[in-house]
$ cat protein_2.txt   # compact mmCIF, C-alpha atoms and all ligand atoms
# COMPACT_ATOMS: atom_id res chain seq x y z
CA MET A 11 124.47 2.81 -97.96
CA SER A 12 121.60 0.47 -97.11
CA ASP A 13 122.27 -2.23 -94.52
CA SER A 14 119.88 -5.17 -94.46
CA THR A 15 122.14 -7.49 -92.43
CA PRO A 16 120.22 -8.85 -89.43
CA ALA A 17 123.22 -8.39 -87.16
CA ARG A 18 123.89 -6.04 -84.29
CA ILE A 19 126.23 -5.42 -81.39
CA ARG A 20 124.84 -5.64 -77.88
CA ARG A 21 125.85 -6.32 -74.31
CA LEU A 22 126.59 -9.91 -73.32
CA SER A 23 124.11 -11.45 -70.89
CA PRO A 24 123.78 -14.75 -68.99
CA ALA A 25 121.35 -15.88 -71.70
CA ASP A 26 124.37 -16.03 -74.08
CA ASP A 27 126.24 -18.70 -72.12
CA ALA A 28 124.80 -21.59 -74.14
CA ASP A 29 125.75 -19.93 -77.45
CA ILE A 30 129.26 -19.24 -76.14
CA LEU A 31 129.61 -22.89 -75.15
CA ALA A 32 128.33 -24.00 -78.57
CA ALA A 33 130.99 -21.95 -80.37
CA PHE A 34 133.79 -23.29 -78.21
CA THR A 35 132.56 -26.86 -78.62
CA VAL A 36 132.26 -26.90 -82.40
CA ASP A 37 135.75 -25.70 -83.38
CA THR A 38 139.07 -26.86 -81.93
CA GLU A 39 140.60 -23.51 -82.99
CA MET A 40 138.46 -21.92 -80.28
CA GLU A 41 140.46 -23.53 -77.48
CA ARG A 42 143.02 -20.76 -77.94
CA GLN A 43 140.31 -18.19 -77.16
CA GLY A 44 139.74 -19.35 -73.60
CA ASP A 45 138.89 -22.24 -71.34
CA VAL A 46 135.22 -22.95 -72.04
CA THR A 47 134.13 -26.58 -71.77
CA ASP A 48 130.73 -26.43 -70.07
CA LEU A 49 128.03 -23.96 -69.07
CA ALA A 50 129.80 -23.02 -65.83
CA SER A 51 133.03 -22.13 -67.60
CA ALA A 52 131.06 -20.30 -70.31
CA ALA A 53 129.47 -18.20 -67.54
CA LYS A 54 132.89 -17.52 -66.01
CA TYR A 55 134.24 -16.43 -69.42
CA ARG A 56 131.26 -14.12 -69.95
CA GLU A 57 131.53 -12.68 -66.42
CA PHE A 58 135.22 -11.88 -66.96
CA LEU A 59 134.23 -9.86 -70.01
CA THR A 60 131.45 -7.97 -68.27
CA ASN A 61 132.76 -7.34 -64.75
CA GLY A 62 134.23 -3.95 -65.72
CA ASP A 63 137.60 -4.71 -64.08
CA GLU A 64 140.38 -2.78 -65.76
CA GLY A 65 137.89 -1.62 -68.37
CA ASN A 66 137.27 -5.17 -69.61
CA CYS A 67 134.36 -5.26 -71.99
CA GLY A 68 132.82 -7.86 -74.26
CA PHE A 69 130.01 -7.53 -76.77
CA ALA A 70 127.84 -10.09 -78.46
CA VAL A 71 127.60 -10.09 -82.23
CA GLU A 72 123.95 -10.99 -82.47
CA ILE A 73 122.90 -12.68 -85.71
CA ASP A 74 119.47 -14.19 -86.21
CA GLY A 75 118.74 -13.58 -82.54
CA ARG A 76 121.68 -15.51 -81.12
CA CYS A 77 125.14 -14.66 -79.85
CA ALA A 78 127.07 -15.77 -82.93
CA GLY A 79 130.35 -14.17 -81.93
CA ILE A 80 132.12 -11.90 -79.49
CA VAL A 81 134.33 -8.86 -79.79
CA GLY A 82 136.09 -8.04 -76.54
CA ILE A 83 138.75 -5.94 -74.90
CA ASN A 84 140.92 -6.88 -71.94
CA GLY A 85 141.82 -3.54 -70.48
CA ALA A 86 144.79 -2.10 -68.67
CA THR A 87 143.27 1.12 -67.41
CA GLN A 88 146.49 2.61 -66.05
CA HIS A 89 147.72 2.96 -69.62
CA ARG A 90 144.33 3.42 -71.34
CA LEU A 91 145.41 0.33 -73.30
CA GLY A 92 143.35 -2.66 -74.34
CA TRP A 93 144.03 -6.14 -75.77
CA PHE A 94 141.47 -6.63 -78.52
CA PHE A 95 140.06 -9.98 -79.64
CA TYR A 96 137.21 -11.52 -81.61
CA TRP A 97 135.75 -14.81 -82.64
CA MET A 98 132.77 -16.02 -84.66
CA HIS A 99 130.90 -19.34 -84.64
CA PRO A 100 131.88 -21.24 -87.83
CA ASP A 101 128.28 -21.17 -89.12
CA PHE A 102 128.46 -17.37 -89.42
CA ARG A 103 132.01 -16.87 -90.71
CA GLY A 104 132.93 -15.52 -94.12
CA ARG A 105 130.15 -12.92 -94.28
CA GLY A 106 132.30 -9.94 -93.36
CA LEU A 107 130.40 -9.58 -90.09
CA THR A 108 133.34 -10.11 -87.74
CA GLY A 109 135.25 -7.35 -89.54
CA ARG A 110 132.27 -5.03 -89.22
CA ALA A 111 131.74 -5.97 -85.58
CA ALA A 112 135.41 -5.44 -84.76
CA ALA A 113 135.40 -2.06 -86.52
CA THR A 114 132.29 -1.03 -84.57
CA VAL A 115 133.74 -1.91 -81.18
CA ALA A 116 137.19 -0.46 -81.92
CA ASN A 117 135.65 2.80 -83.19
CA TRP A 118 133.64 3.07 -79.99
CA ALA A 119 136.51 2.11 -77.65
CA LEU A 120 138.83 4.75 -79.12
CA SER A 121 136.25 7.54 -79.12
CA GLU A 122 133.55 7.20 -76.44
CA GLY A 123 135.33 4.38 -74.60
CA SER A 124 138.29 4.80 -72.28
CA PHE A 125 141.10 3.60 -74.55
CA ASP A 126 143.90 5.45 -76.33
CA ARG A 127 145.45 2.32 -77.83
CA LEU A 128 144.19 -1.14 -78.77
CA GLU A 129 146.45 -4.00 -79.71
CA LEU A 130 146.07 -7.55 -80.95
CA GLY A 131 148.05 -10.41 -82.38
CA HIS A 132 147.33 -13.38 -84.62
CA ARG A 133 149.25 -16.39 -85.78
CA VAL A 134 150.66 -15.96 -89.28
CA ASN A 135 148.69 -19.03 -90.38
CA ASN A 136 145.39 -17.33 -89.46
CA PRO A 137 145.07 -14.81 -92.32
CA ALA A 138 141.31 -14.35 -91.79
CA SER A 139 142.12 -12.77 -88.43
CA GLY A 140 144.51 -10.37 -90.15
CA ALA A 141 141.76 -9.38 -92.58
CA VAL A 142 139.43 -8.67 -89.64
CA ALA A 143 142.14 -6.58 -87.92
CA THR A 144 142.65 -4.54 -91.10
CA ALA A 145 138.90 -4.07 -91.55
CA ALA A 146 138.82 -2.71 -87.98
CA GLY A 147 141.50 -0.12 -88.73
CA PHE A 148 144.43 -1.86 -87.04
CA ILE A 149 147.92 -1.29 -88.40
CA HIS A 150 150.50 -4.06 -88.65
CA GLU A 151 153.29 -3.19 -86.23
CA GLY A 152 155.55 -6.20 -86.16
CA THR A 153 156.27 -9.88 -85.87
CA GLU A 154 156.84 -11.86 -82.71
CA ARG A 155 159.05 -14.60 -84.08
CA GLN A 156 158.24 -18.21 -83.19
CA LYS A 157 156.03 -17.10 -80.30
CA PHE A 158 153.82 -20.19 -79.94
CA LEU A 159 154.54 -23.89 -79.94
CA ILE A 160 151.59 -25.56 -81.69
CA ASP A 161 151.57 -29.23 -82.66
CA GLY A 162 155.34 -29.32 -82.34
CA GLN A 163 155.88 -26.30 -84.62
CA ARG A 164 156.96 -22.83 -83.57
CA ILE A 165 154.64 -20.20 -85.08
CA ASP A 166 155.24 -16.49 -85.68
CA VAL A 167 152.64 -13.97 -84.55
CA PHE A 168 151.82 -10.70 -86.35
CA THR A 169 151.09 -7.81 -83.99
CA TYR A 170 148.81 -4.85 -84.70
CA GLY A 171 147.82 -1.63 -82.99
CA ARG A 172 145.24 1.08 -83.47
CA LEU A 173 145.49 4.47 -81.77
CA SER A 174 142.70 6.95 -81.10
CA THR A 175 144.51 9.25 -83.53
CA ASP A 176 144.60 6.68 -86.36
CA PRO A 177 142.07 6.99 -89.18
CA VAL A 178 138.63 5.46 -88.67
CA PRO A 179 138.27 2.61 -91.20
CA GLU A 180 135.69 2.83 -93.98
CA THR A 181 134.20 -0.51 -92.85
CA LEU A 182 130.44 -0.20 -92.39
CA PRO A 183 129.69 -0.44 -88.66
CA LEU A 184 126.97 -2.69 -87.25
CA PRO A 185 124.06 -1.10 -85.36
CA GLY A 186 123.40 -1.34 -81.65
CA LEU A 187 126.50 -0.25 -79.80
CA GLY A 188 124.90 2.96 -78.54
CA SER A 189 122.34 1.09 -76.50
CA ALA A 190 124.93 -1.52 -75.48
CA VAL A 191 126.95 0.99 -73.51
CA ASP A 192 124.15 3.14 -72.09
C1 LIG B 1 139.25 -15.22 -87.55
C2 LIG B 1 137.72 -15.19 -87.54
C3 LIG B 1 137.26 -14.29 -86.40
C4 LIG B 1 137.23 -14.61 -88.88
O1 LIG B 1 135.82 -14.53 -88.80
P1 LIG B 1 134.93 -14.28 -90.13
O2 LIG B 1 133.52 -14.12 -89.68
O3 LIG B 1 135.21 -15.30 -91.15
O4 LIG B 1 135.50 -12.87 -90.59
P2 LIG B 1 134.92 -11.94 -91.77
O5 LIG B 1 133.96 -12.71 -92.60
O6 LIG B 1 134.47 -10.67 -91.16
O7 LIG B 1 136.25 -11.61 -92.58
C5 LIG B 1 137.10 -12.66 -92.94
C6 LIG B 1 138.15 -12.08 -93.85
O8 LIG B 1 139.21 -13.01 -93.93
C7 LIG B 1 139.45 -13.28 -95.29
N1 LIG B 1 139.96 -14.63 -95.34
C8 LIG B 1 139.34 -15.76 -94.98
N2 LIG B 1 140.14 -16.81 -95.18
C9 LIG B 1 141.30 -16.31 -95.66
C10 LIG B 1 142.51 -16.90 -96.10
N3 LIG B 1 142.73 -18.21 -96.02
N4 LIG B 1 143.49 -16.07 -96.55
C11 LIG B 1 143.30 -14.75 -96.60
N5 LIG B 1 142.16 -14.14 -96.21
C12 LIG B 1 141.18 -14.92 -95.76
C13 LIG B 1 138.13 -13.08 -95.97
O9 LIG B 1 138.30 -12.85 -97.36
C14 LIG B 1 137.64 -11.84 -95.25
O10 LIG B 1 138.30 -10.69 -95.73
P3 LIG B 1 137.51 -9.59 -96.60
O11 LIG B 1 136.32 -9.18 -95.77
O12 LIG B 1 138.53 -8.53 -96.79
O13 LIG B 1 137.10 -10.32 -97.85
C15 LIG B 1 137.12 -16.62 -87.38
O14 LIG B 1 137.71 -17.47 -88.34
C16 LIG B 1 137.31 -17.22 -86.00
O15 LIG B 1 136.50 -16.97 -85.09
N6 LIG B 1 138.37 -18.02 -85.82
C17 LIG B 1 138.64 -18.66 -84.52
C18 LIG B 1 139.04 -17.63 -83.48
C19 LIG B 1 140.15 -16.73 -83.97
O16 LIG B 1 141.08 -17.18 -84.63
N7 LIG B 1 140.05 -15.45 -83.58
C20 LIG B 1 141.08 -14.48 -83.87
C21 LIG B 1 142.16 -14.63 -82.88
S1 LIG B 1 143.54 -13.62 -83.24
$ encode --input "protein_2.txt" --output "structure tokens"
Amino acid sequence: MSDSTPARIRRLSPADDADILAAFTVDTEMERQGDVTDLASAAKYREFLTNGDEGNCGFAVEIDGRCAGIVGINGATQHRLGWFFYWMHPDFRGRGLTGRAAATVANWALSEGSFDRLELGHRVNNPASGAVATAAGFIHEGTERQKFLIDGQRIDVFTYGRLSTDPVPETLPLPGLGSAVD
């Protein structure tokens, strides 16, 4: 299959801090992704994802030369387990690129990476996140009932997992991850 999308996965770098800040600033939904309000906190967020502690790793989804989104894993190395997450700047959503990026990183993490299991959760009123999880080969495992209190309403969360023994999804991966982990 030909792939003309100008998107790739690569390591995060300090040069991405301004793009990270821009994504957190433009969308109030992003406040649930972390505490990023200025360049210093964007740098702290990026450092957390690249310091290698507990197998933490974060990758930029580069589109048109900028860090348009991130796919990351918060690791728990003792259990070869990782909490998987992703976000995309609103200007680049709806193109199927977060699903492809998430599939790329999950495929890598469960093969060449150090993880046997990845897990994630999303609010039931965030179906786009569920579509990304499915595109990345995650399997719906359950519901955490009324987990979050948001704007005075209790919200259920759907939980997902993907094991190294689960099938690799058919989602077309993005290029670049090989060089990102060299
Ligand atoms: C969730 C998020 C990552 C999706 O990013 P995106 O770039 O739009 O994702 P993609 O384009 O790769 O895929 C979106 C999918 O959601 C689907 N979708 C979008 N809105 C939907 C809706 N209201 N109902 C059902 N499906 C929906 C799209 O059809 C697409 O599925 P498809 O590829 O099977 O057609 C993005 O909205 C985001 O960053 N949100 C804020 C942070 C966040 O919520 N992160 C996830 C935390 S759990």
$ residues_near_ligand --input "protein_2.txt" --ligand "ligand LIG 1 (chain B)" --cutoff "9 Å" --atoms "only C-alpha atoms and all ligand atoms" --output "PDB file with C-alpha atoms, in the frame of the given file"
ATOM      1  CA  ALA A  33     130.990 -21.950 -80.370  1.00  0.00           C
ATOM      2  CA  ASP A  37     135.750 -25.700 -83.380  1.00  0.00           C
ATOM      3  CA  THR A  38     139.070 -26.860 -81.930  1.00  0.00           C
ATOM      4  CA  GLU A  39     140.600 -23.510 -82.990  1.00  0.00           C
ATOM      5  CA  MET A  40     138.460 -21.920 -80.280  1.00  0.00           C
ATOM      6  CA  GLU A  41     140.460 -23.530 -77.480  1.00  0.00           C
ATOM      7  CA  ARG A  42     143.020 -20.760 -77.940  1.00  0.00           C
ATOM      8  CA  GLN A  43     140.310 -18.190 -77.160  1.00  0.00           C
ATOM      9  CA  GLY A  79     130.350 -14.170 -81.930  1.00  0.00           C
ATOM     10  CA  ILE A  80     132.120 -11.900 -79.490  1.00  0.00           C
ATOM     11  CA  PHE A  94     141.470  -6.630 -78.520  1.00  0.00           C
ATOM     12  CA  PHE A  95     140.060  -9.980 -79.640  1.00  0.00           C
ATOM     13  CA  TYR A  96     137.210 -11.520 -81.610  1.00  0.00           C
ATOM     14  CA  TRP A  97     135.750 -14.810 -82.640  1.00  0.00           C
ATOM     15  CA  MET A  98     132.770 -16.020 -84.660  1.00  0.00           C
ATOM     16  CA  HIS A  99     130.900 -19.340 -84.640  1.00  0.00           C
ATOM     17  CA  PRO A 100     131.880 -21.240 -87.830  1.00  0.00           C
ATOM     18  CA  ASP A 101     128.280 -21.170 -89.120  1.00  0.00           C
ATOM     19  CA  PHE A 102     128.460 -17.370 -89.420  1.00  0.00           C
ATOM     20  CA  ARG A 103     132.010 -16.870 -90.710  1.00  0.00           C
ATOM     21  CA  GLY A 104     132.930 -15.520 -94.120  1.00  0.00           C
ATOM     22  CA  ARG A 105     130.150 -12.920 -94.280  1.00  0.00           C
ATOM     23  CA  GLY A 106     132.300  -9.940 -93.360  1.00  0.00           C
ATOM     24  CA  LEU A 107     130.400  -9.580 -90.090  1.00  0.00           C
ATOM     25  CA  THR A 108     133.340 -10.110 -87.740  1.00  0.00           C
ATOM     26  CA  GLY A 109     135.250  -7.350 -89.540  1.00  0.00           C
ATOM     27  CA  ARG A 110     132.270  -5.030 -89.220  1.00  0.00           C
ATOM     28  CA  ALA A 111     131.740  -5.970 -85.580  1.00  0.00           C
ATOM     29  CA  ALA A 112     135.410  -5.440 -84.760  1.00  0.00           C
ATOM     30  CA  LEU A 130     146.070  -7.550 -80.950  1.00  0.00           C
ATOM     31  CA  GLY A 131     148.050 -10.410 -82.380  1.00  0.00           C
ATOM     32  CA  HIS A 132     147.330 -13.380 -84.620  1.00  0.00           C
ATOM     33  CA  ARG A 133     149.250 -16.390 -85.780  1.00  0.00           C
ATOM     34  CA  ASN A 135     148.690 -19.030 -90.380  1.00  0.00           C
ATOM     35  CA  ASN A 136     145.390 -17.330 -89.460  1.00  0.00           C
ATOM     36  CA  PRO A 137     145.070 -14.810 -92.320  1.00  0.00           C
ATOM     37  CA  ALA A 138     141.310 -14.350 -91.790  1.00  0.00           C
ATOM     38  CA  SER A 139     142.120 -12.770 -88.430  1.00  0.00           C
ATOM     39  CA  GLY A 140     144.510 -10.370 -90.150  1.00  0.00           C
ATOM     40  CA  ALA A 141     141.760  -9.380 -92.580  1.00  0.00           C
ATOM     41  CA  VAL A 142     139.430  -8.670 -89.640  1.00  0.00           C
ATOM     42  CA  ALA A 143     142.140  -6.580 -87.920  1.00  0.00           C
ATOM     43  CA  THR A 144     142.650  -4.540 -91.100  1.00  0.00           C
ATOM     44  CA  ALA A 145     138.900  -4.070 -91.550  1.00  0.00           C
TER      45      ALA A 145
END
$ closest_residue --input "protein_2.txt" --among "A:Pro179, A:Gly68, A:Gly171, A:Gly152" --to "Gly82 in chain A" --atoms "only C-alpha atoms"
A:Gly68
$ closest_residue --input "protein_2.txt" --among "A:Arg164, A:Arg18, A:Arg172, A:Arg127" --to "Thr87 in chain A" --atoms "only C-alpha atoms"
A:Arg127
$ closest_residue --input "protein_2.txt" --among "A:Phe125, A:Ile73, A:Arg56, A:Gly65" --to "Leu91 in chain A" --atoms "only C-alpha atoms"
A:Phe125
$ residues_around --input "protein_2.txt" --residues "Arg155 in chain A" --least-positions-apart "6" --cutoff "10 Å" --atoms "only C-alpha atoms" --output "list in words"
Val134, Arg164, Ile165, Asp166, Val167 and Phe168 of chain A
$ residues_around --input "protein_2.txt" --residues "Ala52 in chain A" --least-positions-apart "6" --cutoff "8 Å" --atoms "only C-alpha atoms" --output "ChimeraX atom specification"
/A:27-28,30-31,46
$ residues_around --input "protein_2.txt" --residues "Asp176 in chain A" --least-positions-apart "3" --cutoff "12 Å" --atoms "only C-alpha atoms" --output "PyMOL selection string"
chain A and resi 116-117+120-121+126-128+146-149+171-173+179
$ atom_distance --input "protein_2.txt" --atom1 "CA of Ala78 in chain A" --atom2 "CA of Asp29 in chain A"
7.0 Å
$ atom_distance --input "protein_2.txt" --atom1 "CA of Pro183 in chain A" --atom2 "CA of Thr114 in chain A"
4.9 Å
$ atom_distance --input "protein_2.txt" --atom1 "CA of Gly85 in chain A" --atom2 "CA of Leu59 in chain A"
9.9 Å
$ axis_aligned_box --input "protein_2.txt" --around "range 84-94 of chain A" --padding-each-side "8 Å" --output "AutoDock Vina command-line options"
--center_x 144.3 --center_y -1.7 --center_z -72.3 --size_x 22.8 --size_y 26.3 --size_z 28.5
$ residues_around --input "protein_2.txt" --residues "Phe69 in chain A" --least-positions-apart "2" --cutoff "7 Å" --atoms "all atoms listed in the file" --output "VMD selection string"
chain A and resid 19 to 22 67 71 80 to 82
$ build_atoms --input "protein_2.txt" --residues "range 115-126 of chain A" --atoms "all heavy atoms" --output "CSV table (one decimal), in the frame of the given file"
chain,number,residue,atom,x,y,z
A,115,VAL,N,133.3,-2.0,-82.6
A,115,VAL,CA,133.7,-1.9,-81.2
A,115,VAL,C,135.0,-1.1,-81.0
A,115,VAL,O,135.2,-0.3,-80.1
A,115,VAL,CB,133.9,-3.3,-80.6
A,115,VAL,CG1,134.6,-3.3,-79.2
A,115,VAL,CG2,132.6,-4.1,-80.6
A,116,ALA,N,135.9,-1.2,-82.0
A,116,ALA,CA,137.2,-0.5,-81.9
A,116,ALA,C,136.9,1.0,-82.1
A,116,ALA,O,137.5,1.9,-81.4
A,116,ALA,CB,138.2,-0.9,-83.0
A,117,ASN,N,136.0,1.4,-83.0
A,117,ASN,CA,135.6,2.8,-83.2
A,117,ASN,C,135.1,3.4,-81.9
A,117,ASN,O,135.5,4.5,-81.5
A,117,ASN,CB,134.6,3.0,-84.3
A,117,ASN,CG,135.1,2.6,-85.7
A,117,ASN,OD1,136.2,2.4,-85.9
A,117,ASN,ND2,134.1,2.5,-86.6
A,118,TRP,N,134.2,2.6,-81.2
A,118,TRP,CA,133.6,3.1,-80.0
A,118,TRP,C,134.7,3.2,-78.9
A,118,TRP,O,134.8,4.2,-78.2
A,118,TRP,CB,132.5,2.1,-79.5
A,118,TRP,CG,132.2,2.3,-78.1
A,118,TRP,CD1,131.4,3.3,-77.6
A,118,TRP,CD2,132.7,1.5,-77.0
A,118,TRP,NE1,131.3,3.2,-76.2
A,118,TRP,CE2,132.1,2.1,-75.8
A,118,TRP,CE3,133.5,0.4,-76.9
A,118,TRP,CZ2,132.4,1.6,-74.6
A,118,TRP,CZ3,133.8,-0.1,-75.6
A,118,TRP,CH2,133.2,0.5,-74.5
A,119,ALA,N,135.5,2.1,-78.8
A,119,ALA,CA,136.5,2.1,-77.6
A,119,ALA,C,137.5,3.3,-77.7
A,119,ALA,O,137.9,3.8,-76.7
A,119,ALA,CB,137.3,0.8,-77.7
A,120,LEU,N,137.8,3.7,-78.9
A,120,LEU,CA,138.8,4.8,-79.1
A,120,LEU,C,138.2,6.1,-79.2
A,120,LEU,O,138.9,7.1,-79.4
A,120,LEU,CB,139.7,4.5,-80.4
A,120,LEU,CG,140.5,3.2,-80.3
A,120,LEU,CD1,141.1,2.8,-81.7
A,120,LEU,CD2,141.7,3.4,-79.3
A,121,SER,N,136.9,6.2,-79.1
A,121,SER,CA,136.2,7.5,-79.1
A,121,SER,C,135.5,7.7,-77.8
A,121,SER,O,136.0,8.4,-76.9
A,121,SER,CB,135.3,7.7,-80.3
A,121,SER,OG,134.4,6.6,-80.4
A,122,GLU,N,134.3,7.1,-77.7
A,122,GLU,CA,133.6,7.2,-76.4
A,122,GLU,C,134.1,6.3,-75.3
A,122,GLU,O,133.8,6.6,-74.1
A,122,GLU,CB,132.1,6.8,-76.7
A,122,GLU,CG,131.4,7.7,-77.7
A,122,GLU,CD,130.2,7.0,-78.2
A,122,GLU,OE1,129.3,6.6,-77.4
A,122,GLU,OE2,130.1,6.8,-79.4
A,123,GLY,N,134.8,5.3,-75.6
A,123,GLY,CA,135.3,4.4,-74.6
A,123,GLY,C,136.6,5.0,-74.0
A,123,GLY,O,136.9,6.1,-74.2
A,124,SER,N,137.2,4.2,-73.1
A,124,SER,CA,138.3,4.8,-72.3
A,124,SER,C,139.7,4.4,-72.7
A,124,SER,O,140.6,4.3,-72.0
A,124,SER,CB,138.1,4.4,-70.8
A,124,SER,OG,138.0,3.0,-70.8
A,125,PHE,N,139.8,4.1,-74.1
A,125,PHE,CA,141.1,3.6,-74.6
A,125,PHE,C,141.8,4.6,-75.5
A,125,PHE,O,141.1,5.2,-76.3
A,125,PHE,CB,140.9,2.3,-75.3
A,125,PHE,CG,140.4,1.2,-74.3
A,125,PHE,CD1,139.0,0.9,-74.3
A,125,PHE,CD2,141.2,0.5,-73.5
A,125,PHE,CE1,138.5,0.0,-73.4
A,125,PHE,CE2,140.7,-0.5,-72.7
A,125,PHE,CZ,139.4,-0.7,-72.6
A,126,ASP,N,143.1,4.7,-75.4
A,126,ASP,CA,143.9,5.4,-76.3
A,126,ASP,C,144.6,4.5,-77.3
A,126,ASP,O,145.0,5.0,-78.4
A,126,ASP,CB,145.0,6.2,-75.6
A,126,ASP,CG,144.4,7.3,-74.7
A,126,ASP,OD1,143.3,7.8,-75.0
A,126,ASP,OD2,145.1,7.6,-73.7
